[in-house]
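Participant: Would you mind keeping the following structure in view while I ask a few things?
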Amino acid sequence: MRFDHYGDVDVLNVVEVERPVPGPGEALVRVKAAGINPGEASIRKGLLHDRFPASFPSGEGSDLAGVVEEVGPGVDSVTEGDEVIGWTDQRASHAEFVVAPAEHLVPRPAGVSWEAAGALFIAGVTAYAAVRAVGAGPGDTIVVSGAAGGVGSLAVQLARHAGAATVIGLASSGNHQWLRDHGVTPVAYGSGVADRIREVARGRVDAFIDTFGGGYVKLAVEELGIVPGRIDTIIDWAAARQYGVKTEGSTAGSSPEVLAELAALIDRGELEVPIAKVYGLEEVRDAYRELERRHTRGKIVLVP
Ligand SMILES: NC(=O)c1ccc[n+]([C@@H]2O[C@H](COP(=O)([O-])OP(=O)(O)OC[C@H]3O[C@@H](n4cnc5c(N)ncnc54)[C@H](OP(=O)(O)O)[C@@H]3O)[C@@H](O)[C@H]2O)c1
């Protein structure tokens, strides 16, 4: 999947390119599934040019799961035929084949579907980092905005797993039952949301994970009275600067150990990656159109 200039989904094209060759320390993976993420859409539109510029032609995609096809010199951690979950930092996983550093690949446990495996990296490590950043622990009451989205759906479960007594998930009504089924108290967002949070919290709210932006950091500090050290936003940098809250996300969470830990939780049935929809690689434009509506439950996955 390539694009030659910044723009809307129409710039995305599936083209034939040379099969990449793994260099020293790298492995070539035949991709079985690869997640898509909102940040990729922002990069493709040029909205992040100052921070994460693209060079053209550009590929796309970090998340990946697949089968090792070939390894480069000096690689002994994986071998041909291994089923792996991993990532690339080269914007390259939305493809039939991707080269990734061997150290970015962990084994795919049998209980992790290809779709969940392929969608895990960005959303998983970001949710992990956010839950860790707010110090989620026993007895806590924690609010998560965007609670049914790619990151939010994992963050609410990881917060429960960390022992939080009450996890309040902000979501539209269509996602409330899914949240309840995962031990989360759903609250509708929109006007009056702070009152509704206070009502179900029945007392202090200890921490807030913002995966949506649009004023939730302000609400957490000013209306819920949460200390900045227990608020993490993965999207609202301006509010983070203003209020001194944390911004730990994929960079902070990104490691093979965290990825393997998340995969083990899924394998044991303790974490679910909800798969909203699976698209073929050639349907990549439709996949991003759906993602950019910002109402995905869980993850959208491309399957080459
Ligand atoms: N800093 C990092 O490292 C990092 C890493 C990953 C992602 N991100 C960013 O984090 C954000 C979330 O990523 P994602 O993959 O989770 O996105 P996503 O899957 O597209 O999230 C969509 C969710 O947003 C919810 N939503 C829509 N309108 C809302 C509102 N007004 N208030 C609260 N929630 C609302 C939707 O809920 P309903 O369907 O219930 O309406 C849906 O569940 C994106 O902006 C992404 O770029 C940052």
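So you can find residues: chains in the structure tokens are A, B, ... in the order shown, residues in each start at 1, and ligands are numbered from 1 in order.
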Contacts of segment 187-196 of chain A at 7 Å or less, counting only C-alpha atoms, minus same-chain residues fewer than 3 places along, as a PDB file with C-alpha atoms, in the first residue's frame?

Facilitator:
ATOM      1  CA  ILE A 168     -16.094   4.115  34.044  1.00  0.00           C
ATOM      2  CA  GLY A 169     -16.120   4.040  30.251  1.00  0.00           C
ATOM      3  CA  LEU A 170     -17.368   7.005  28.223  1.00  0.00           C
ATOM      4  CA  ALA A 171     -19.083   5.710  25.097  1.00  0.00           C
ATOM      5  CA  SER A 172     -22.206   5.975  22.985  1.00  0.00           C
ATOM      6  CA  SER A 173     -25.143   3.767  23.929  1.00  0.00           C
ATOM      7  CA  GLU A 199     -23.179   9.898  40.067  1.00  0.00           C
ATOM      8  CA  VAL A 200     -21.841   6.449  39.179  1.00  0.00           C
ATOM      9  CA  GLU A 223     -14.604  19.228  37.246  1.00  0.00           C
TER      10      GLU A 223
END

Participant: Counting only C-alpha atoms and all ligand atoms, what residues are within 8 Å of ligand 1, given as a PyMOL selection string?

Facilitator: chain A and resi 37-40+42+122-123+126+145-153+170-176+189-190+211-214+233-235+247-252+291-299

Participant: Per residue of segment 137-251 of chain A within 10 Å of segment 256-268 of chain A, record the nearest atom pair and its distance in Å to one decimal, counting only C-alpha atoms, with rows in chain order and ascending residue number, as a tab-separated table.

Facilitator:
residue	atom	partner	partner_atom	distance
A:Leu154	CA	A:Leu262	CA	9.7
A:Leu158	CA	A:Leu262	CA	9.3
A:His161	CA	A:Leu265	CA	9.7

Participant: Could you check how far atom CA of Gly61 of chain A sits from atom CA of Val21 of chain A, in Å to one decimal?

Facilitator: 17.9 Å

Participant: Extract, using only C-alpha atoms, all DNA, RNA and protein residues at most 8 Å from Val245 of chain A, discarding same-chain residues fewer than 6 positions from it, and format them as a PyMOL selection string.

Facilitator: chain A and resi 217+228-233+239

Participant: Pull C-alpha atoms from the residues just selected and write them as a CSV table (one decimal), in the first residue's frame.

Facilitator:
chain,number,residue,atom,x,y,z
A,217,VAL,CA,-8.3,16.7,30.4
A,228,PRO,CA,-2.5,15.8,37.1
A,229,GLY,CA,-0.1,13.0,37.9
A,230,ARG,CA,-3.0,10.5,37.6
A,231,ILE,CA,-4.3,11.8,34.3
A,232,ASP,CA,-2.9,10.5,30.9
A,233,THR,CA,-3.9,11.8,27.5
A,239,ALA,CA,-4.2,20.4,27.4
